[in-house]
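Structure data follow from target.cif (mmCIF, C-alpha atoms and all ligand atoms):
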```cif
data_structure
#
loop_
_atom_site.label_atom_id
_atom_site.label_comp_id
_atom_site.auth_asym_id
_atom_site.auth_seq_id
_atom_site.Cartn_x
_atom_site.Cartn_y
_atom_site.Cartn_z
CA MET A 5 -79.10 13.60 -29.00
CA ASN A 6 -81.40 11.68 -26.70
CA ASN A 7 -81.81 13.81 -23.57
CA THR A 8 -84.06 11.38 -21.71
CA ILE A 9 -83.18 10.32 -18.19
CA LEU A 10 -84.79 7.23 -16.67
CA ILE A 11 -85.60 7.62 -12.99
CA THR A 12 -86.14 4.36 -11.14
CA GLY A 13 -88.15 4.86 -7.97
CA GLY A 14 -89.17 8.26 -9.35
CA ALA A 15 -92.51 8.16 -7.53
CA GLY A 16 -90.72 7.89 -4.19
CA TYR A 17 -89.69 10.61 -1.77
CA ILE A 18 -86.30 11.65 -3.16
CA GLY A 19 -87.03 10.49 -6.72
CA SER A 20 -90.13 12.69 -7.06
CA HIS A 21 -88.25 15.83 -5.98
CA THR A 22 -85.32 14.93 -8.24
CA THR A 23 -87.68 14.42 -11.20
CA LEU A 24 -88.87 18.01 -10.75
CA ALA A 25 -85.28 19.28 -10.51
CA LEU A 26 -84.32 17.43 -13.72
CA ILE A 27 -87.31 18.83 -15.60
CA ALA A 28 -86.40 22.32 -14.39
CA ALA A 29 -82.86 21.72 -15.68
CA GLY A 30 -84.24 20.91 -19.16
CA TYR A 31 -84.09 17.10 -19.20
CA ASP A 32 -86.79 14.81 -20.51
CA VAL A 33 -87.64 12.26 -17.87
CA VAL A 34 -89.30 8.87 -17.65
CA ILE A 35 -90.21 7.48 -14.24
CA VAL A 36 -90.28 3.76 -13.58
CA ASP A 37 -91.69 2.49 -10.31
CA ASN A 38 -93.51 -0.56 -8.98
CA PHE A 39 -95.32 1.58 -6.34
CA SER A 40 -94.30 -0.81 -3.58
CA ASN A 41 -93.59 2.22 -1.38
CA SER A 42 -95.32 5.07 -3.19
CA GLU A 43 -98.71 6.07 -4.54
CA ARG A 44 -99.93 5.94 -8.13
CA TRP A 45 -101.08 9.57 -8.00
CA ILE A 46 -97.55 10.90 -7.40
CA PRO A 47 -96.53 11.16 -11.10
CA ALA A 48 -99.63 13.31 -11.76
CA ARG A 49 -98.67 15.55 -8.83
CA ILE A 50 -95.15 15.89 -10.22
CA ALA A 51 -96.63 16.78 -13.62
CA GLU A 52 -98.87 19.39 -12.00
CA LEU A 53 -95.91 21.01 -10.23
CA ALA A 54 -93.74 20.79 -13.36
CA GLY A 55 -96.49 22.24 -15.56
CA ARG A 56 -96.08 19.48 -18.14
CA PRO A 57 -96.85 15.77 -18.55
CA VAL A 58 -94.47 13.22 -17.06
CA GLN A 59 -94.21 9.72 -18.49
CA CYS A 60 -94.40 6.96 -15.91
CA ILE A 61 -94.05 3.24 -16.51
CA GLU A 62 -95.14 0.72 -13.90
CA LEU A 63 -92.25 -1.73 -13.69
CA ASP A 64 -90.64 -3.97 -11.10
CA LEU A 65 -86.87 -4.02 -11.62
CA CYS A 66 -86.88 -7.58 -10.26
CA ASN A 67 -88.43 -8.53 -13.60
CA ALA A 68 -85.30 -8.78 -15.75
CA ALA A 69 -87.07 -9.18 -19.09
CA ALA A 70 -89.40 -6.21 -18.52
CA THR A 71 -86.45 -4.08 -17.34
CA GLU A 72 -84.52 -4.96 -20.50
CA ARG A 73 -87.53 -4.11 -22.69
CA CYS A 74 -87.95 -0.79 -20.93
CA ILE A 75 -84.32 0.28 -21.42
CA ASN A 76 -84.47 -0.88 -25.03
CA GLU A 77 -87.61 1.17 -25.66
CA ILE A 78 -86.56 4.37 -23.88
CA ARG A 79 -82.82 4.28 -24.73
CA PRO A 80 -82.09 6.76 -21.95
CA ALA A 81 -78.97 8.95 -21.96
CA GLY A 82 -78.60 8.12 -18.28
CA VAL A 83 -80.31 6.47 -15.33
CA ILE A 84 -80.84 7.75 -11.81
CA HIS A 85 -81.47 4.70 -9.67
CA PHE A 86 -83.49 5.34 -6.51
CA ALA A 87 -85.60 2.18 -6.51
CA ALA A 88 -84.86 0.20 -3.35
CA LEU A 89 -86.38 -0.79 -0.05
CA LYS A 90 -84.95 1.37 2.72
CA ALA A 91 -86.22 0.41 6.20
CA VAL A 92 -83.31 -0.81 8.32
CA GLY A 93 -85.40 -2.73 10.89
CA GLU A 94 -87.46 -4.42 8.17
CA SER A 95 -84.21 -5.49 6.45
CA VAL A 96 -83.09 -7.23 9.65
CA ALA A 97 -86.45 -9.04 9.95
CA ASP A 98 -86.74 -9.98 6.26
CA PRO A 99 -83.25 -9.88 4.72
CA LEU A 100 -84.15 -12.02 1.73
CA ARG A 101 -86.71 -9.48 0.55
CA TYR A 102 -84.08 -6.76 0.79
CA TYR A 103 -81.39 -8.71 -1.05
CA ARG A 104 -83.88 -9.75 -3.73
CA ASN A 105 -85.25 -6.28 -4.29
CA ASN A 106 -82.15 -4.12 -3.86
CA VAL A 107 -79.53 -6.48 -5.29
CA THR A 108 -81.49 -8.35 -7.98
CA GLY A 109 -83.28 -5.16 -9.07
CA THR A 110 -80.01 -3.26 -9.40
CA LEU A 111 -78.24 -6.09 -11.23
CA ASN A 112 -81.14 -6.38 -13.68
CA LEU A 113 -80.94 -2.66 -14.32
CA LEU A 114 -77.16 -2.77 -14.81
CA GLN A 115 -77.50 -5.73 -17.20
CA ALA A 116 -80.08 -3.90 -19.30
CA MET A 117 -77.99 -0.72 -19.34
CA ARG A 118 -74.89 -2.66 -20.46
CA GLN A 119 -76.88 -4.47 -23.12
CA HIS A 120 -78.15 -1.24 -24.67
CA GLY A 121 -75.09 0.96 -24.27
CA CYS A 122 -76.51 3.21 -21.56
CA ASN A 123 -73.35 4.43 -19.85
CA HIS A 124 -74.29 6.91 -17.10
CA LEU A 125 -75.66 5.79 -13.75
CA VAL A 126 -76.37 7.85 -10.66
CA PHE A 127 -76.83 5.52 -7.70
CA SER A 128 -78.58 6.27 -4.38
CA SER A 129 -76.15 5.18 -1.74
CA SER A 130 -76.25 6.10 1.90
CA ALA A 131 -74.15 7.18 4.86
CA THR A 132 -75.11 3.77 6.20
CA VAL A 133 -72.07 2.41 4.30
CA TYR A 134 -69.88 4.04 6.99
CA GLY A 135 -71.44 1.86 9.71
CA TYR A 136 -70.41 3.25 13.11
CA PRO A 137 -68.15 6.06 11.93
CA GLU A 138 -64.79 6.32 13.69
CA GLN A 139 -64.83 10.09 13.49
CA CYS A 140 -66.95 12.99 12.30
CA PRO A 141 -67.12 14.78 9.96
CA ILE A 142 -66.95 11.75 7.69
CA ASP A 143 -64.81 11.88 4.54
CA GLU A 144 -65.47 9.65 1.52
CA SER A 145 -62.19 7.87 2.34
CA ALA A 146 -63.49 6.68 5.75
CA ALA A 147 -63.65 2.93 6.35
CA LEU A 148 -66.73 1.24 4.88
CA CYS A 149 -68.62 -1.22 7.03
CA ALA A 150 -72.28 -2.04 6.67
CA ILE A 151 -73.96 -3.11 9.90
CA ASN A 152 -77.36 -4.38 8.72
CA PRO A 153 -78.80 -6.13 5.64
CA TYR A 154 -80.07 -2.85 4.13
CA GLY A 155 -76.61 -1.33 4.47
CA ARG A 156 -75.02 -4.42 2.98
CA THR A 157 -77.24 -4.16 -0.11
CA LYS A 158 -76.01 -0.58 -0.58
CA LEU A 159 -72.36 -1.47 -0.03
CA MET A 160 -72.56 -4.52 -2.32
CA MET A 161 -74.14 -2.46 -5.08
CA GLU A 162 -71.52 0.26 -4.68
CA GLN A 163 -68.89 -2.45 -5.19
CA ALA A 164 -70.67 -4.09 -8.14
CA ILE A 165 -71.10 -0.74 -9.88
CA THR A 166 -67.44 0.16 -9.27
CA ASP A 167 -66.32 -3.20 -10.70
CA ILE A 168 -68.46 -2.72 -13.81
CA SER A 169 -67.12 0.75 -14.28
CA SER A 170 -63.51 -0.45 -13.86
CA ALA A 171 -64.08 -3.10 -16.51
CA ASP A 172 -65.45 -0.64 -19.07
CA PRO A 173 -64.07 2.89 -19.40
CA ASP A 174 -67.20 3.95 -21.30
CA PHE A 175 -69.40 3.24 -18.28
CA ASN A 176 -69.40 5.87 -15.50
CA ALA A 177 -71.27 6.00 -12.24
CA ALA A 178 -71.87 8.48 -9.46
CA LEU A 179 -72.27 6.94 -6.01
CA LEU A 180 -74.12 9.48 -3.90
CA ARG A 181 -73.99 8.86 -0.15
CA TYR A 182 -76.98 10.66 1.35
CA PHE A 183 -76.94 11.56 5.02
CA ASN A 184 -80.41 12.24 6.50
CA PRO A 185 -82.85 13.51 3.85
CA ALA A 186 -85.69 15.55 5.32
CA GLY A 187 -88.14 18.33 4.44
CA ALA A 188 -90.45 18.58 1.47
CA HIS A 189 -91.23 20.61 -1.64
CA PRO A 190 -91.87 24.24 -0.60
CA SER A 191 -95.30 24.16 -2.30
CA GLY A 192 -96.47 21.77 0.42
CA ARG A 193 -97.81 19.47 -2.33
CA LEU A 194 -95.02 16.89 -2.45
CA GLY A 195 -93.08 15.18 0.33
CA GLU A 196 -92.43 11.94 2.12
CA LEU A 197 -95.33 9.50 2.47
CA PRO A 198 -94.55 7.19 5.37
CA ARG A 199 -96.72 4.07 5.58
CA GLY A 200 -97.67 3.46 9.19
CA ALA A 201 -95.48 4.86 11.94
CA PRO A 202 -92.50 6.67 10.40
CA ASN A 203 -89.08 5.14 11.10
CA ASN A 204 -87.26 8.43 10.58
CA LEU A 205 -87.17 11.22 13.11
CA VAL A 206 -88.42 14.25 11.15
CA PRO A 207 -91.67 12.73 9.80
CA PHE A 208 -92.32 11.26 13.25
CA VAL A 209 -91.90 14.68 14.90
CA ALA A 210 -94.20 16.17 12.22
CA GLN A 211 -96.91 13.63 13.07
CA VAL A 212 -96.60 14.41 16.80
CA ALA A 213 -96.80 18.13 15.98
CA ALA A 214 -99.99 17.37 14.02
CA GLY A 215 -101.49 15.44 16.94
CA ILE A 216 -101.45 12.12 15.06
CA ARG A 217 -99.06 10.61 17.64
CA ASP A 218 -98.92 11.60 21.29
CA ARG A 219 -95.15 12.04 21.78
CA VAL A 220 -91.76 11.59 20.24
CA ARG A 221 -89.75 8.74 21.68
CA VAL A 222 -86.16 9.91 21.95
CA PHE A 223 -84.02 6.80 21.54
CA GLY A 224 -81.46 7.26 24.32
CA ASN A 225 -79.81 10.28 25.95
CA ASP A 226 -76.53 8.66 26.95
CA TYR A 227 -74.70 8.98 23.63
CA ARG A 228 -71.33 10.68 23.46
CA THR A 229 -72.80 13.92 22.12
CA GLY A 230 -73.43 17.40 23.54
CA ASP A 231 -76.86 16.67 25.04
CA GLY A 232 -76.58 12.86 24.96
CA THR A 233 -79.02 12.33 22.08
CA GLY A 234 -78.01 11.11 18.62
CA VAL A 235 -76.52 13.64 16.22
CA ARG A 236 -77.24 13.50 12.47
CA ASP A 237 -76.76 15.55 9.32
CA TYR A 238 -80.24 16.51 8.05
CA ILE A 239 -80.24 17.54 4.42
CA HIS A 240 -83.17 19.23 2.70
CA VAL A 241 -84.63 17.01 -0.03
CA MET A 242 -84.64 19.98 -2.46
CA ASP A 243 -80.87 20.39 -2.00
CA LEU A 244 -80.44 16.65 -2.44
CA ALA A 245 -82.49 16.71 -5.64
CA GLN A 246 -80.31 19.47 -7.08
CA ALA A 247 -77.17 17.43 -6.33
CA HIS A 248 -78.47 14.69 -8.67
CA VAL A 249 -78.78 17.15 -11.53
CA GLN A 250 -75.19 18.21 -10.97
CA ALA A 251 -73.92 14.63 -10.59
CA LEU A 252 -75.56 13.67 -13.87
CA ALA A 253 -74.03 16.68 -15.61
CA TYR A 254 -70.65 15.67 -14.15
CA LEU A 255 -70.92 12.17 -15.64
CA GLN A 256 -71.96 13.54 -19.02
CA ARG A 257 -69.18 16.14 -18.99
CA GLU A 258 -66.24 14.39 -17.31
CA ARG A 259 -67.03 10.76 -18.17
CA GLN A 260 -65.49 9.78 -14.85
CA ASP A 261 -66.75 8.03 -11.76
CA LEU A 262 -67.74 9.99 -8.70
CA VAL A 263 -68.21 9.07 -5.03
CA VAL A 264 -69.48 11.88 -2.83
CA ASN A 265 -71.15 12.53 0.48
CA LEU A 266 -74.33 14.57 0.30
CA GLY A 267 -74.84 16.29 3.61
CA THR A 268 -74.61 19.76 5.09
CA GLY A 269 -71.61 19.17 7.35
CA GLN A 270 -73.68 20.33 10.33
CA GLY A 271 -74.91 17.85 12.93
CA TYR A 272 -78.06 18.33 15.04
CA SER A 273 -79.17 16.27 18.01
CA VAL A 274 -82.61 14.70 18.39
CA LEU A 275 -83.51 17.32 21.01
CA GLN A 276 -82.36 20.13 18.71
CA ILE A 277 -84.64 18.77 15.98
CA ILE A 278 -87.60 18.65 18.34
CA GLN A 279 -86.86 22.22 19.49
CA ALA A 280 -86.48 23.51 15.92
CA PHE A 281 -89.80 21.93 14.93
CA ALA A 282 -91.45 23.41 18.03
CA ARG A 283 -90.21 26.87 16.97
CA THR A 284 -91.78 26.32 13.54
CA ILE A 285 -95.20 25.42 14.89
CA GLY A 286 -95.08 27.84 17.82
CA HIS A 287 -95.62 25.40 20.68
CA ASP A 288 -93.81 22.60 22.52
CA ILE A 289 -93.70 19.08 21.14
CA PRO A 290 -94.10 16.34 23.77
CA TYR A 291 -91.35 13.77 24.02
CA GLU A 292 -90.01 11.11 26.35
CA ILE A 293 -86.56 9.58 26.65
CA THR A 294 -86.64 5.83 25.99
CA GLU A 295 -84.13 3.04 25.44
CA ARG A 296 -81.57 3.28 22.67
CA ARG A 297 -82.62 1.85 19.31
CA PRO A 298 -80.28 -1.04 18.43
CA GLY A 299 -77.71 -0.19 15.78
CA ASP A 300 -77.76 3.61 16.20
CA ALA A 301 -74.45 5.51 16.12
CA ASP A 302 -73.66 8.41 18.47
CA ALA A 303 -73.00 10.94 15.73
CA CYS A 304 -72.96 10.87 11.94
CA TYR A 305 -72.34 13.96 9.85
CA ALA A 306 -70.59 14.57 6.58
CA ASN A 307 -67.62 16.40 5.32
CA PRO A 308 -69.40 17.63 2.17
CA SER A 309 -66.41 19.51 0.69
CA LEU A 310 -65.71 16.98 -2.08
CA ALA A 311 -69.20 17.46 -3.54
CA GLN A 312 -68.58 21.18 -3.53
CA ALA A 313 -65.17 20.81 -5.19
CA LEU A 314 -66.29 18.36 -7.90
CA LEU A 315 -69.89 19.34 -8.49
CA GLY A 316 -69.99 22.92 -7.31
CA TRP A 317 -72.82 21.76 -5.07
CA LYS A 318 -73.49 22.85 -1.51
CA ALA A 319 -76.64 22.54 0.58
CA SER A 320 -78.33 25.94 0.78
CA ARG A 321 -81.36 25.26 2.97
CA ASP A 322 -81.08 25.20 6.75
CA LEU A 323 -82.86 23.34 9.52
CA ASP A 324 -85.59 25.99 9.77
CA ALA A 325 -86.40 25.45 6.07
CA ILE A 326 -86.50 21.68 6.63
CA CYS A 327 -88.97 22.09 9.52
CA ALA A 328 -91.12 24.72 7.75
CA ASP A 329 -91.42 22.62 4.57
CA ALA A 330 -91.97 19.35 6.46
CA TRP A 331 -94.73 21.08 8.43
CA ARG A 332 -96.41 22.55 5.33
CA TRP A 333 -96.45 19.03 3.83
CA GLN A 334 -97.81 17.54 7.07
CA LEU A 335 -100.62 20.12 7.05
CA HIS A 336 -101.41 19.10 3.48
CA LEU A 337 -101.52 15.42 4.51
CA GLY A 338 -103.74 16.33 7.44
CA ALA A 339 -103.73 16.60 11.18
CA ALA A 340 -105.53 14.51 13.78
P1 LIG B 1 -88.89 5.70 -1.27
O1 LIG B 1 -89.30 4.40 -0.73
O2 LIG B 1 -89.75 6.89 -1.02
O3 LIG B 1 -88.67 5.60 -2.85
C1 LIG B 1 -88.21 4.42 -3.47
C2 LIG B 1 -89.14 4.14 -4.65
O4 LIG B 1 -88.67 2.96 -5.32
C3 LIG B 1 -90.57 3.86 -4.23
O5 LIG B 1 -91.45 4.65 -5.03
C4 LIG B 1 -90.76 2.37 -4.51
O6 LIG B 1 -92.09 2.07 -4.87
C5 LIG B 1 -89.76 2.15 -5.62
N1 LIG B 1 -89.26 0.76 -5.73
C6 LIG B 1 -88.75 -0.01 -4.74
N2 LIG B 1 -88.37 -1.20 -5.24
C7 LIG B 1 -88.65 -1.19 -6.56
C8 LIG B 1 -88.49 -2.13 -7.62
N3 LIG B 1 -88.02 -3.36 -7.40
N4 LIG B 1 -88.88 -1.76 -8.87
C9 LIG B 1 -89.40 -0.54 -9.11
N5 LIG B 1 -89.57 0.39 -8.15
C10 LIG B 1 -89.21 0.07 -6.89
O7 LIG B 1 -87.40 5.98 -0.76
P2 LIG B 1 -86.54 7.31 -0.80
O8 LIG B 1 -86.46 7.84 0.57
O9 LIG B 1 -87.00 8.18 -1.89
O10 LIG B 1 -85.12 6.68 -1.13
C11 LIG B 1 -84.64 6.64 -2.46
C12 LIG B 1 -83.29 5.94 -2.46
O11 LIG B 1 -82.39 6.64 -1.59
C13 LIG B 1 -83.30 4.49 -1.97
O12 LIG B 1 -82.40 3.77 -2.75
C14 LIG B 1 -82.80 4.61 -0.55
O13 LIG B 1 -82.18 3.42 -0.15
C15 LIG B 1 -81.82 5.74 -0.66
N6 LIG B 1 -81.61 6.47 0.59
C16 LIG B 1 -82.67 6.99 1.25
C17 LIG B 1 -82.46 7.66 2.45
C18 LIG B 1 -83.63 8.20 3.24
O14 LIG B 1 -83.48 8.40 4.44
N7 LIG B 1 -84.77 8.47 2.63
C19 LIG B 1 -81.16 7.84 2.94
C20 LIG B 1 -80.09 7.30 2.23
C21 LIG B 1 -80.34 6.63 1.03
C1 LIG B 2 -82.19 9.96 13.41
C2 LIG B 2 -81.91 10.11 14.90
C3 LIG B 2 -82.35 8.12 16.17
C4 LIG B 2 -86.67 8.20 15.38
C5 LIG B 2 -81.68 6.11 8.83
C6 LIG B 2 -81.00 4.92 8.22
C7 LIG B 2 -79.96 5.38 7.23
C8 LIG B 2 -80.57 6.33 6.21
C9 LIG B 2 -81.32 7.45 6.85
C10 LIG B 2 -81.27 5.09 4.29
C11 LIG B 2 -81.21 8.91 15.52
C12 LIG B 2 -83.29 9.23 16.56
C13 LIG B 2 -85.33 8.47 15.42
C14 LIG B 2 -87.45 8.33 16.58
C15 LIG B 2 -85.45 9.01 17.73
N1 LIG B 2 -81.54 5.66 5.38
N2 LIG B 2 -84.73 8.88 16.57
N3 LIG B 2 -86.78 8.74 17.71
O1 LIG B 2 -81.06 6.24 11.89
O2 LIG B 2 -79.73 8.32 11.24
O3 LIG B 2 -80.69 6.91 9.49
O4 LIG B 2 -82.28 6.91 7.79
O5 LIG B 2 -80.22 4.91 3.77
O6 LIG B 2 -79.44 4.22 6.62
O7 LIG B 2 -80.38 4.16 9.25
O8 LIG B 2 -82.21 8.26 10.84
O9 LIG B 2 -84.30 9.48 11.25
O10 LIG B 2 -84.16 7.04 11.91
O11 LIG B 2 -82.86 8.73 13.20
O12 LIG B 2 -84.90 9.39 18.78
O13 LIG B 2 -88.64 8.09 16.60
O14 LIG B 2 -83.15 10.23 15.59
O15 LIG B 2 -81.95 7.37 17.28
O16 LIG B 2 -80.33 9.38 16.51
P1 LIG B 2 -80.86 7.38 10.98
P2 LIG B 2 -83.49 8.36 11.76
#
```
If you convert what's in this file into structure tokens, what do you get?
Amino acid sequence: MNNTILITGGAGYIGSHTTLALIAAGYDVVIVDNFSNSERWIPARIAELAGRPVQCIELDLCNAAATERCINEIRPAGVIHFAALKAVGESVADPLRYYRNNVTGTLNLLQAMRQHGCNHLVFSSSATVYGYPEQCPIDESAALCAINPYGRTKLMMEQAITDISSADPDFNAALLRYFNPAGAHPSGRLGELPRGAPNNLVPFVAQVAAGIRDRVRVFGNDYRTGDGTGVRDYIHVMDLAQAHVQALAYLQRERQDLVVNLGTGQGYSVLQIIQAFARTIGHDIPYEITERRPGDADACYANPSLAQALLGWKASRDLDAICADAWRWQLHLGAA
């Protein structure tokens, strides 16, 4: 049987770690990526860490004909679909680019999969589909409400995939709603590669710790949380990668759809993150309190029990591991 899994966006942050996890689990993998938000040397780095070659095809999923040819050639047993643009602010400024890339790219992929009888899809969704959550921890049954163009592309694609799956019992999909992915590979040789100033908190704190930026700007301290700063559910990228392996196995075994939160269930505030990182590096990290960032919720953390019940998956790495691995990766990238 063909054991090959196609990984769209496999050169990206979560895709690269998941590629390693799939190889470790015994799958053959093929990465496709257009390198719009990743570097061409990443597949070689993955191969080095995996100890074996990794096939990578340069492909833009917005090219329907090339996507169809690729699926026809590889005939994968399943697809893990990471490829998307992910910057919330950028999606507000340039929504058309986000709809074109995230919606058109996904529809092209789905079309090609349908055409060639590829029936297992793992989709990168996001806690952003819960909008401003009414309560925490958030269950999968919570109301869905996207609040920016990026979030709408994720919600729309969740709906499109669910409709396709309802129409064809042979087609099954796992919708994985990630909370806040952070950390890096423990080798310090693979991690997130932000272009310019990072949007996300952990890589920003890492750059301040490395002296690349002078201080962390804490976006508001008047939220309804313990210390007034935003609370989030930071999940180690290695735990997240492992969840994909288990979600894929679930589709292959159960032939049923799956919608699960991937988080730890534990929320940490911005100040707690800064403090944890300071403990890792052994000295204080400068910060200042600034205005709120538009669109930010007070708190957002998962109830991850469904993933445990259905997949037997639970995050095993804590905040100290996230900080230690993010720091090792930052040292590899370089300090000021
Ligand atoms: P990333 O930008 O590091 O990786 C995405 C990869 O997809 C990149 O290598 C990029 O070059 C590629 N890509 C983008 N558009 C493409 C296209 N049209 N054709 C081919 N390749 C394309 O992002 P990531 O953090 O690894 O996120 C992976 C997925 O998880 C995305 O779908 C993202 O929306 C989702 N997600 C990310 C987070 C997060 O905070 N990182 C949280 C929730 C969900
Ligand atoms: C975390 C907390 C900020 C930066 C985003 C997307 C979400 C998902 C994950 C893709 C918040 C605060 C941040 C800074 C700060 N991505 N912060 N100073 O906003 O929870 O989620 O990434 O699907 O859709 O919205 O993550 O890391 O940006 O922020 O004070 O420089 O840190 O206000 O409370 P967020 P984040």
At most 9 Å from ligand LIG 2 (chain B) (all atoms listed in the file): residue list as a ChimeraX atom specification: /A:89-93,128-133,135,154-155,158,181-186,201-209,220-225,233-238,273-275,277,293-294,296-304
Protein and nucleic acid residues within 7 Å of ligand LIG 1 (chain B) (all atoms listed in the file) as a VMD selection string: chain A and resid 12 to 19 36 to 42 63 to 66 86 to 90 105 to 106 109 128 to 131 181 to 185 196
Pairwise distance for CA of Gln334 (chain A) and CA of Ala210 (chain A), rounded to one decimal in Å: 6.4 Å
Residues near Ala282 (chain A), cut-off 10 Å, all atoms listed in the file, skip fewer than 6 positions along chain, as a PyMOL selection string: chain A and resi 209-210+213+276+288-290+327
Proximity to Gln250 (chain A) - best of A:Ala51, A:Ile151, A:Ala188, A:Leu180, only C-alpha atoms: A:Leu180
Nearest to Tyr254 (chain A), chosen from A:Trp317, A:Tyr291, A:Trp333, A:Tyr272, with only C-alpha atoms counted in the distances: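 Using only C-alpha atoms, Tyr254 (chain A) sits closest to A:Trp317.
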Could you complete region 80-95 of chain A so that it carries N, CA and C atoms, and give it back as an mmCIF file, in the frame of the given file?
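Okay, part.cif is ready:
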```cif
data_model
loop_
_atom_site.group_PDB
_atom_site.id
_atom_site.type_symbol
_atom_site.label_atom_id
_atom_site.label_comp_id
_atom_site.auth_asym_id
_atom_site.auth_seq_id
_atom_site.Cartn_x
_atom_site.Cartn_y
_atom_site.Cartn_z
ATOM 1 N N PRO A 80 -82.401 5.530 -22.670
ATOM 2 C CA PRO A 80 -82.090 6.760 -21.950
ATOM 3 C C PRO A 80 -80.612 7.152 -22.071
ATOM 4 N N ALA A 81 -80.360 8.455 -21.971
ATOM 5 C CA ALA A 81 -78.970 8.950 -21.960
ATOM 6 C C ALA A 81 -78.318 8.616 -20.627
ATOM 7 N N GLY A 82 -79.129 8.461 -19.600
ATOM 8 C CA GLY A 82 -78.600 8.120 -18.280
ATOM 9 C C GLY A 82 -79.722 7.621 -17.381
ATOM 10 N N VAL A 83 -79.329 6.998 -16.284
ATOM 11 C CA VAL A 83 -80.310 6.470 -15.330
ATOM 12 C C VAL A 83 -79.977 6.995 -13.931
ATOM 13 N N ILE A 84 -81.002 7.443 -13.230
ATOM 14 C CA ILE A 84 -80.840 7.750 -11.810
ATOM 15 C C ILE A 84 -81.616 6.670 -11.057
ATOM 16 N N HIS A 85 -80.900 5.924 -10.247
ATOM 17 C CA HIS A 85 -81.470 4.700 -9.670
ATOM 18 C C HIS A 85 -81.768 4.858 -8.180
ATOM 19 N N PHE A 86 -83.031 5.198 -7.906
ATOM 20 C CA PHE A 86 -83.490 5.340 -6.510
ATOM 21 C C PHE A 86 -84.157 4.072 -6.005
ATOM 22 N N ALA A 87 -84.710 3.257 -6.925
ATOM 23 C CA ALA A 87 -85.600 2.180 -6.510
ATOM 24 C C ALA A 87 -84.911 1.198 -5.563
ATOM 25 N N ALA A 88 -85.382 1.141 -4.356
ATOM 26 C CA ALA A 88 -84.860 0.200 -3.350
ATOM 27 C C ALA A 88 -85.817 0.221 -2.163
ATOM 28 N N LEU A 89 -85.714 -0.808 -1.351
ATOM 29 C CA LEU A 89 -86.380 -0.790 -0.050
ATOM 30 C C LEU A 89 -85.394 -0.185 0.933
ATOM 31 N N LYS A 90 -85.878 0.538 1.940
ATOM 32 C CA LYS A 90 -84.950 1.370 2.720
ATOM 33 C C LYS A 90 -85.120 1.301 4.247
ATOM 34 N N ALA A 91 -85.987 0.422 4.750
ATOM 35 C CA ALA A 91 -86.220 0.410 6.200
ATOM 36 C C ALA A 91 -85.251 -0.559 6.881
ATOM 37 N N VAL A 92 -84.374 -0.002 7.709
ATOM 38 C CA VAL A 92 -83.310 -0.810 8.320
ATOM 39 C C VAL A 92 -83.883 -1.976 9.140
ATOM 40 N N GLY A 93 -84.845 -1.690 10.019
ATOM 41 C CA GLY A 93 -85.400 -2.730 10.890
ATOM 42 C C GLY A 93 -86.054 -3.848 10.082
ATOM 43 N N GLU A 94 -86.797 -3.451 9.049
ATOM 44 C CA GLU A 94 -87.460 -4.420 8.170
ATOM 45 C C GLU A 94 -86.408 -5.302 7.478
ATOM 46 N N SER A 95 -85.261 -4.713 7.143
ATOM 47 C CA SER A 95 -84.210 -5.490 6.450
ATOM 48 C C SER A 95 -83.602 -6.537 7.370
#
```
